[in-house]
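Dropping coords_8.txt in here (compact mmCIF, C-alpha atoms):
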# COMPACT_ATOMS: atom_id res chain seq x y z
CA MET A 1 26.86 -2.32 33.62
CA THR A 2 29.52 -4.95 33.01
CA SER A 3 32.38 -5.25 35.49
CA GLY A 4 35.53 -3.19 35.22
CA ALA A 5 36.56 0.39 34.67
CA ALA A 6 33.81 1.05 32.11
CA GLN A 7 30.98 0.11 34.48
CA GLY A 8 28.18 2.59 34.02
CA ALA A 9 29.58 4.08 30.83
CA VAL A 10 26.91 5.12 28.32
CA ILE A 11 27.14 3.97 24.70
CA ASP A 12 25.66 6.74 22.58
CA ASP A 13 23.64 5.59 19.56
CA GLY A 14 23.93 2.03 20.83
CA VAL A 15 22.39 -1.21 19.65
CA VAL A 16 21.22 -4.29 21.56
CA ALA A 17 20.50 -7.40 19.51
CA ILE A 18 18.15 -9.97 21.08
CA ALA A 19 17.60 -13.57 20.00
CA GLU A 20 15.66 -16.29 21.82
CA GLY A 21 15.37 -14.27 25.01
CA ARG A 22 19.06 -13.46 25.31
CA ILE A 23 21.39 -10.69 24.24
CA ALA A 24 23.19 -11.70 21.06
CA TRP A 25 25.30 -8.56 20.65
CA CYS A 26 25.56 -5.00 21.95
CA GLY A 27 27.67 -1.99 21.07
CA PRO A 28 27.80 1.21 18.99
CA SER A 29 25.58 1.29 15.91
CA GLY A 30 28.62 1.86 13.70
CA ALA A 31 30.07 -1.50 14.74
CA ILE A 32 27.08 -3.76 14.02
CA PRO A 33 28.33 -7.10 12.61
CA ASP A 34 27.25 -7.86 9.06
CA THR A 35 25.35 -10.93 10.32
CA LEU A 36 22.93 -8.65 12.21
CA LYS A 37 22.32 -5.98 9.60
CA GLY A 38 19.27 -7.69 8.13
CA TRP A 39 17.48 -8.10 11.46
CA ASP A 40 14.24 -6.32 12.27
CA ALA A 41 14.95 -3.22 14.35
CA ASP A 42 13.07 -0.97 16.77
CA ASP A 43 14.15 2.68 17.09
CA LEU A 44 13.95 3.78 20.73
CA GLU A 45 14.43 7.42 19.72
CA GLY A 46 17.39 8.22 21.92
CA ARG A 47 16.03 6.74 25.15
CA LEU A 48 18.33 5.22 27.77
CA VAL A 49 18.49 1.42 28.01
CA THR A 50 19.74 -0.25 31.20
CA PRO A 51 19.58 -3.78 32.54
CA GLY A 52 16.23 -4.55 34.13
CA LEU A 53 16.30 -3.53 37.78
CA ILE A 54 16.74 -6.14 40.52
CA ASP A 55 15.24 -5.78 44.00
CA CYS A 56 17.47 -8.16 45.95
CA HIS A 57 15.94 -7.89 49.46
CA THR A 58 12.19 -7.90 50.12
CA HIS A 59 9.67 -9.25 52.60
CA ILE A 60 6.90 -8.46 50.13
CA VAL A 61 4.70 -11.49 50.99
CA HIS A 62 2.89 -10.72 54.24
CA GLY A 63 -0.53 -10.29 55.80
CA GLY A 64 -1.88 -7.13 57.37
CA ASP A 65 -0.14 -3.81 57.95
CA ARG A 66 1.56 -1.98 60.80
CA ALA A 67 0.30 1.56 60.37
CA ARG A 68 -0.37 1.83 64.12
CA GLU A 69 3.30 1.10 64.83
CA PHE A 70 4.20 3.91 62.43
CA GLU A 71 2.17 6.19 64.67
CA MET A 72 3.83 4.75 67.79
CA ARG A 73 7.30 5.48 66.44
CA LEU A 74 6.24 9.06 65.75
CA GLU A 75 5.11 9.23 69.36
CA GLY A 76 8.58 8.19 70.52
CA ALA A 77 8.61 4.39 70.76
CA SER A 78 11.74 2.66 69.45
CA TYR A 79 11.86 -0.33 67.09
CA GLU A 80 13.05 -2.54 69.95
CA GLU A 81 10.38 -1.24 72.38
CA ILE A 82 7.63 -2.02 69.85
CA ALA A 83 9.05 -5.50 69.23
CA ARG A 84 9.35 -6.33 72.93
CA ALA A 85 5.75 -5.18 73.49
CA GLY A 86 4.48 -7.83 71.07
CA GLY A 87 4.42 -5.63 67.99
CA GLY A 88 6.90 -5.59 65.16
CA ILE A 89 7.52 -8.84 63.34
CA LEU A 90 5.24 -10.84 65.63
CA SER A 91 2.15 -8.77 64.77
CA THR A 92 2.74 -9.51 61.09
CA VAL A 93 3.24 -13.19 61.95
CA ALA A 94 -0.28 -13.33 63.38
CA ALA A 95 -1.80 -11.73 60.28
CA THR A 96 0.21 -13.93 57.90
CA ARG A 97 -0.69 -17.13 59.72
CA ALA A 98 -4.38 -16.20 59.49
CA ALA A 99 -4.31 -15.54 55.73
CA SER A 100 -4.84 -18.27 53.14
CA GLU A 101 -2.36 -18.84 50.33
CA ASP A 102 -4.75 -17.27 47.82
CA ASP A 103 -5.33 -14.30 50.12
CA LEU A 104 -1.59 -13.73 50.51
CA LEU A 105 -1.12 -13.85 46.75
CA ALA A 106 -3.91 -11.32 46.21
CA MET A 107 -2.47 -9.01 48.89
CA THR A 108 1.03 -9.18 47.45
CA LEU A 109 0.45 -8.76 43.72
CA PRO A 110 -0.30 -5.01 43.87
CA ARG A 111 3.05 -4.43 45.59
CA VAL A 112 4.81 -6.60 43.02
CA ASP A 113 3.05 -4.75 40.21
CA ALA A 114 4.38 -1.44 41.58
CA LEU A 115 7.94 -2.75 41.31
CA ILE A 116 7.40 -4.25 37.86
CA GLY A 117 6.02 -0.88 36.78
CA GLU A 118 9.37 0.68 37.67
CA GLY A 119 11.42 -1.66 35.52
CA VAL A 120 12.09 -4.46 38.02
CA THR A 121 12.65 -7.79 36.25
CA THR A 122 14.08 -9.86 39.16
CA LEU A 123 12.72 -9.92 42.69
CA GLU A 124 13.93 -11.61 45.87
CA ILE A 125 11.20 -12.70 48.31
CA LYS A 126 11.78 -13.94 51.87
CA SER A 127 9.68 -16.04 54.19
CA GLY A 128 9.90 -15.29 57.90
CA TYR A 129 6.41 -14.15 58.86
CA GLY A 130 5.20 -17.67 59.56
CA LEU A 131 7.57 -18.96 62.23
CA ASP A 132 5.82 -22.30 62.02
CA VAL A 133 6.32 -25.01 59.42
CA ASP A 134 3.02 -24.62 57.58
CA THR A 135 3.10 -20.84 57.23
CA GLU A 136 6.75 -20.67 56.21
CA LEU A 137 5.98 -23.14 53.41
CA LYS A 138 2.82 -21.20 52.53
CA MET A 139 4.81 -17.98 52.09
CA LEU A 140 7.38 -19.66 49.88
CA ARG A 141 4.67 -21.23 47.73
CA VAL A 142 3.12 -17.80 47.26
CA ALA A 143 6.52 -16.45 46.23
CA ARG A 144 6.84 -19.15 43.57
CA ARG A 145 3.29 -18.42 42.37
CA ILE A 146 4.17 -14.75 41.91
CA GLY A 147 6.82 -15.80 39.40
CA GLU A 148 4.12 -17.73 37.54
CA ALA A 149 1.46 -15.01 37.74
CA ARG A 150 3.65 -12.11 36.65
CA PRO A 151 6.51 -11.61 34.17
CA VAL A 152 9.19 -11.32 36.84
CA ARG A 153 11.97 -13.64 37.95
CA VAL A 154 11.60 -14.61 41.62
CA ARG A 155 14.37 -15.82 43.93
CA THR A 156 13.32 -17.08 47.35
CA SER A 157 15.10 -16.87 50.70
CA PHE A 158 14.08 -19.01 53.67
CA LEU A 159 14.01 -16.71 56.72
CA GLY A 160 12.69 -18.96 59.45
CA ALA A 161 15.29 -17.42 61.79
CA HIS A 162 13.55 -14.04 61.69
CA ALA A 163 12.15 -13.87 65.23
CA VAL A 164 11.25 -16.15 68.12
CA PRO A 165 7.46 -16.77 68.10
CA PRO A 166 5.48 -16.25 71.32
CA GLU A 167 5.05 -19.97 71.92
CA PHE A 168 8.86 -20.28 72.19
CA ALA A 169 9.51 -17.08 74.15
CA GLY A 170 12.91 -17.28 75.85
CA ARG A 171 13.77 -20.54 74.05
CA PRO A 172 15.34 -19.54 70.72
CA ARG A 173 17.38 -22.72 70.35
CA ASP A 174 14.32 -24.88 70.94
CA TYR A 175 12.47 -22.92 68.25
CA LEU A 176 15.32 -23.37 65.80
CA ALA A 177 15.62 -27.10 66.49
CA GLU A 178 11.90 -27.92 66.60
CA VAL A 179 10.45 -25.55 63.98
CA CYS A 180 12.93 -23.56 61.91
CA LEU A 181 15.25 -26.37 60.82
CA PRO A 182 12.43 -28.86 60.07
CA ALA A 183 10.69 -26.11 58.04
CA LEU A 184 13.92 -25.51 56.11
CA GLU A 185 14.25 -29.22 55.38
CA ALA A 186 10.65 -29.41 54.18
CA ALA A 187 10.96 -26.29 52.03
CA ALA A 188 14.17 -27.53 50.44
CA ALA A 189 12.59 -30.91 49.71
CA GLU A 190 9.71 -29.12 47.97
CA GLY A 191 12.10 -27.02 45.86
CA LEU A 192 10.98 -23.76 47.44
CA VAL A 193 14.34 -22.38 48.62
CA ASP A 194 17.08 -20.60 46.66
CA ALA A 195 19.00 -19.24 49.69
CA VAL A 196 18.83 -19.20 53.50
CA ASP A 197 18.68 -15.99 55.53
CA GLY A 198 18.59 -15.03 59.20
CA PHE A 199 18.26 -12.01 61.50
CA CYS A 200 21.29 -11.66 63.77
CA GLU A 201 20.38 -9.05 66.36
CA GLY A 202 19.66 -8.65 70.07
CA ILE A 203 15.92 -8.83 69.42
CA ALA A 204 16.29 -11.88 67.19
CA PHE A 205 19.11 -14.47 67.13
CA SER A 206 22.71 -14.50 68.36
CA PRO A 207 25.64 -15.47 66.10
CA GLY A 208 25.84 -18.83 67.86
CA GLU A 209 22.19 -19.51 67.12
CA ILE A 210 22.59 -18.44 63.47
CA VAL A 211 25.34 -21.05 63.18
CA MET A 212 22.70 -23.75 63.70
CA VAL A 213 20.81 -22.47 60.66
CA PHE A 214 23.85 -21.91 58.45
CA ASP A 215 25.24 -25.37 59.19
CA ARG A 216 21.97 -26.92 58.07
CA ALA A 217 21.91 -24.73 54.95
CA LYS A 218 25.44 -25.82 54.14
CA ALA A 219 24.46 -29.47 54.54
CA LEU A 220 21.59 -28.90 52.10
CA GLY A 221 23.88 -27.19 49.60
CA LEU A 222 22.10 -23.84 49.90
CA PRO A 223 23.86 -20.43 49.90
CA VAL A 224 23.36 -18.09 52.85
CA LYS A 225 22.84 -14.39 53.52
CA LEU A 226 22.20 -12.47 56.73
CA HIS A 227 20.47 -9.44 58.25
CA ALA A 228 23.40 -8.11 60.27
CA GLU A 229 24.59 -5.08 62.24
CA GLN A 230 21.35 -3.14 61.79
CA LEU A 231 20.86 -2.08 65.42
CA SER A 232 24.17 -3.14 67.01
CA ASN A 233 27.41 -4.92 66.15
CA LEU A 234 27.21 -8.60 67.09
CA GLY A 235 29.68 -9.77 64.46
CA GLY A 236 26.98 -11.18 62.19
CA ALA A 237 28.53 -10.00 58.94
CA LYS A 238 31.87 -11.56 59.88
CA LEU A 239 30.07 -14.82 60.67
CA ALA A 240 28.22 -14.69 57.34
CA ALA A 241 31.49 -14.07 55.52
CA HIS A 242 32.95 -17.15 57.20
CA TYR A 243 30.19 -19.15 55.49
CA GLY A 244 30.87 -17.47 52.14
CA ALA A 245 27.58 -15.59 52.28
CA LEU A 246 26.15 -14.09 49.10
CA SER A 247 25.43 -10.93 51.07
CA ALA A 248 25.10 -9.28 54.44
CA ASP A 249 22.30 -6.71 54.65
CA HIS A 250 21.59 -3.46 56.58
CA LEU A 251 25.11 -3.10 58.14
CA GLU A 252 24.75 0.31 59.77
CA TYR A 253 26.88 -0.73 62.78
CA LEU A 254 29.47 -2.76 60.85
CA ASP A 255 33.12 -2.13 61.79
CA GLU A 256 36.24 -2.34 59.62
CA GLU A 257 37.01 -5.90 60.73
CA GLY A 258 33.62 -6.98 59.43
CA VAL A 259 34.12 -5.06 56.18
CA LYS A 260 37.45 -6.80 55.61
CA ALA A 261 35.85 -10.19 56.23
CA MET A 262 33.16 -9.40 53.67
CA ALA A 263 35.80 -8.28 51.18
CA ASP A 264 37.73 -11.54 51.62
CA ALA A 265 34.54 -13.57 51.12
CA ARG A 266 33.36 -11.38 48.20
CA SER A 267 30.05 -10.94 50.00
CA VAL A 268 27.88 -8.09 48.73
CA ALA A 269 26.83 -5.33 51.13
CA VAL A 270 23.09 -4.77 50.64
CA LEU A 271 22.12 -1.30 51.84
CA LEU A 272 18.50 -0.69 52.81
CA PRO A 273 17.79 3.04 53.07
CA GLY A 274 14.04 2.53 53.40
CA ALA A 275 14.47 0.98 56.86
CA PHE A 276 17.04 3.61 57.84
CA TYR A 277 14.56 6.32 56.84
CA THR A 278 11.46 4.76 58.39
CA LEU A 279 13.14 4.00 61.71
CA ARG A 280 14.75 7.45 61.72
CA GLU A 281 18.17 5.94 62.30
CA THR A 282 21.29 8.10 62.55
CA GLN A 283 24.10 5.52 62.32
CA LEU A 284 25.22 5.46 58.68
CA PRO A 285 26.53 2.27 57.04
CA PRO A 286 30.31 2.40 56.42
CA VAL A 287 30.14 3.27 52.73
CA GLY A 288 33.67 4.70 52.74
CA LEU A 289 35.06 1.43 54.11
CA PHE A 290 33.16 -0.58 51.51
CA ARG A 291 34.79 1.51 48.78
CA GLN A 292 38.21 1.33 50.44
CA HIS A 293 38.16 -2.46 50.73
CA GLY A 294 36.40 -3.20 47.44
CA VAL A 295 33.12 -4.52 48.86
CA GLN A 296 30.41 -4.32 46.22
CA MET A 297 27.25 -2.51 47.30
CA ALA A 298 23.67 -3.33 46.34
CA ILE A 299 20.52 -1.31 47.04
CA ALA A 300 17.08 -2.81 47.77
CA THR A 301 13.68 -1.75 49.02
CA ASP A 302 13.48 -4.13 52.02
CA CYS A 303 9.75 -3.94 51.25
CA ASN A 304 8.01 -5.01 54.48
CA PRO A 305 5.01 -3.90 56.54
CA GLY A 306 6.95 -2.51 59.51
CA SER A 307 10.38 -1.00 59.10
CA SER A 308 10.32 -0.33 55.33
CA PRO A 309 6.86 -0.16 53.73
CA LEU A 310 8.56 0.83 50.49
CA ALA A 311 7.53 -0.54 47.10
CA SER A 312 9.65 1.75 44.91
CA LEU A 313 13.18 0.74 43.96
CA LEU A 314 13.67 4.10 42.23
CA LEU A 315 12.97 5.85 45.53
CA ALA A 316 15.36 3.47 47.30
CA MET A 317 18.05 4.56 44.82
CA ASN A 318 17.36 8.22 45.57
CA MET A 319 17.40 7.55 49.32
CA ALA A 320 20.73 5.71 49.06
CA CYS A 321 22.24 8.69 47.27
CA THR A 322 20.75 11.33 49.56
CA LEU A 323 21.06 9.57 52.93
CA PHE A 324 24.14 7.38 52.43
CA ARG A 325 26.04 9.52 49.87
CA ILE A 326 26.04 6.71 47.31
CA THR A 327 26.75 8.05 43.81
CA PRO A 328 24.08 7.64 41.09
CA ALA A 329 26.43 5.27 39.25
CA GLU A 330 26.80 3.17 42.41
CA ALA A 331 23.03 3.19 42.89
CA LEU A 332 22.47 1.86 39.36
CA ALA A 333 25.14 -0.81 39.82
CA GLY A 334 23.51 -1.59 43.17
CA THR A 335 20.17 -2.33 41.54
CA THR A 336 21.58 -4.24 38.56
CA ILE A 337 24.90 -6.09 38.47
CA ASN A 338 25.64 -6.01 42.22
CA ALA A 339 22.07 -6.94 43.09
CA ALA A 340 22.42 -9.96 40.79
CA ARG A 341 25.58 -10.96 42.64
CA ALA A 342 23.77 -10.60 45.98
CA LEU A 343 21.36 -13.27 44.69
CA GLY A 344 24.03 -15.52 43.22
CA LEU A 345 22.81 -14.86 39.67
CA ALA A 346 25.33 -14.76 36.83
CA GLY A 347 22.98 -14.47 33.86
CA CYS A 348 21.47 -11.02 34.42
CA GLY A 349 22.26 -7.58 35.76
CA CYS A 350 24.27 -6.26 32.83
CA ILE A 351 23.96 -5.80 29.07
CA ALA A 352 26.37 -8.25 27.48
CA PRO A 353 26.24 -11.14 25.00
CA GLY A 354 24.75 -14.28 26.52
CA MET A 355 22.86 -12.46 29.28
CA ARG A 356 19.10 -12.69 29.68
CA ALA A 357 17.36 -9.96 27.69
CA ASP A 358 15.92 -8.31 30.81
CA LEU A 359 16.05 -4.60 30.04
CA ALA A 360 14.48 -1.30 31.02
CA VAL A 361 13.96 1.57 28.59
CA TRP A 362 13.79 5.01 30.19
CA ASN A 363 12.58 8.46 29.15
CA VAL A 364 15.79 10.07 30.40
CA GLU A 365 19.00 11.32 28.83
CA GLN A 366 21.51 10.23 31.48
CA PRO A 367 21.60 7.47 34.13
CA ALA A 368 21.86 9.92 37.04
CA GLU A 369 18.24 10.97 36.40
CA LEU A 370 17.06 7.59 37.70
CA SER A 371 18.36 8.44 41.18
CA TYR A 372 17.86 12.20 40.96
CA ARG A 373 14.09 12.40 40.56
CA ILE A 374 11.77 11.86 43.53
CA GLY A 375 8.33 10.33 43.02
CA PHE A 376 8.63 10.25 39.23
CA ASN A 377 8.71 7.05 37.21
CA ALA A 378 10.57 7.54 33.93
CA LEU A 379 10.04 3.99 32.65
CA HIS A 380 9.05 3.86 28.97
CA GLN A 381 9.15 0.09 28.41
CA ARG A 382 10.23 -3.06 30.21
CA ILE A 383 11.69 -6.03 28.32
CA PHE A 384 11.59 -9.38 30.12
CA GLY A 385 13.32 -12.38 28.56
CA GLY A 386 13.22 -10.59 25.22
CA ASN A 387 9.46 -9.91 25.45
CA TRP A 388 8.20 -6.31 25.38

Would it be possible to restate this file's structure as structure tokens?
Amino acid sequence: MTSGAAQGAVIDDGVVAIAEGRIAWCGPSGAIPDTLKGWDADDLEGRLVTPGLIDCHTHIVHGGDRAREFEMRLEGASYEEIARAGGGILSTVAATRAASEDDLLAMTLPRVDALIGEGVTTLEIKSGYGLDVDTELKMLRVARRIGEARPVRVRTSFLGAHAVPPEFAGRPRDYLAEVCLPALEAAAAEGLVDAVDGFCEGIAFSPGEIVMVFDRAKALGLPVKLHAEQLSNLGGAKLAAHYGALSADHLEYLDEEGVKAMADARSVAVLLPGAFYTLRETQLPPVGLFRQHGVQMAIATDCNPGSSPLASLLLAMNMACTLFRITPAEALAGTTINAARALGLAGCGCIAPGMRADLAVWNVEQPAELSYRIGFNALHQRIFGGNW
């Protein structure tokens, strides 16, 4: 899955040499260097080896569930109607605030284990269900603890600009100034933040309000990303590109001007078919424009309790192919090398010398099977940092 014309090409009868947790060499078995010929070897019996999968957009740490809202949507209520009635993100905020750090960890680990069991080796986790200083920090601490409790690499995103809490109703700028930005400062000081995110939408924050958050992130030396153009086109992706964002995510309503801005900034387009499916959306993201303008596409679960209660990256790959007409090769790149780029990671996501030895071994013959099958996990073995 290295960059260039050969991306996705399969090496038949291939070899991967691993030393001290990193890839020392890879290529056809007939080209093994003499220096490696005495090494211990494991025969994988013709199985497919790919980079370990990367889920680059999740809200996996949260309290409670929103099964009742699932029923409400089936009865005809829209995402915005549920949110404005006090449901949506705010109902999860209440449950997350009420949970202890240990409780949140215990609630989250089964969801994390499901992803690990499908070959995921790197996982992004956002805050954003606290909307007060203490709970935002609590969520980020739980995210860091997940990386200690499980063999998975965790990247955190501060998402204090996710919604306006009830105590600041109608005063989004006051919330940002009095809660969100101080929480970001505290989280950064504690070493809990790898990137800063926001939700730019009519039910969340305007582009002008997101600027407040991005300016503070820039001052702290933190990269940014943005939930943008999911329900309407407010120009969020273009704004994110102006700040050199790692990614803009969702993007169903993105126009060509926004695509060009992302291309110029080399921002990754993170597509989230789980939310599209759950919300029964009909506006497709502009995949053709992404291809035309050379914007790299990533795929993620968006695992969250409301709009995408999805804890299967393999299913997200299938959904992206079926719903968005992504090719299986694009889906695999979107959950490996392009997902790494969406997180600002240069040391994983492909099989090449010097990369982390994060690999997945599959009981399949060709890569397209990973996206083709529905509800079937073909993982044979996961290798994390060279450890089986």

Could you tell me which of A:Leu343, A:Ala333, A:Met139, A:Ala24 comes closest to A:Arg153 if we count only C-alpha atoms?
A:Leu343

Atom CA of A:Gly128 to atom CA of A:Leu332, straight-line distance in Å:
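Atom-to-atom, atom CA of A:Leu332 and atom CA of A:Gly128 are spaced 28.2 Å apart.
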
Could you check how far atom CA of A:Cys321 sits from atom CA of A:Tyr277, in Å to one decimal?
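Spanning atom CA of A:Cys321 to atom CA of A:Tyr277 is a straight-line distance of 12.5 Å.
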
So which one's closest to A:Ala143, A:Arg73, A:Arg291, A:Arg68, A:His62? Using all atoms listed in the file, please.
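Nearest to A:Ala143: A:His62.
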
Near A:Leu44, counting only C-alpha atoms, which residues have an atom at most 12 Å away, once you skip same-chain residues fewer than 2 positions from it, shown as a list in words?
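In the requested form, the answer reads Asp13, Gly14, Val15, Val16, Ala41, Asp42, Gly46, Arg47, Leu48, Val49, Ala360, Val361, Trp362, Asn363, Val364, His380 and Gln381 of chain A.
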
Using all atoms listed in the file, find the one residue out of A:Ala339, A:Leu231, A:Met262, A:Ala19 that sits nearest to A:Thr282.
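Distance minimum relative to A:Thr282 lands on A:Leu231.
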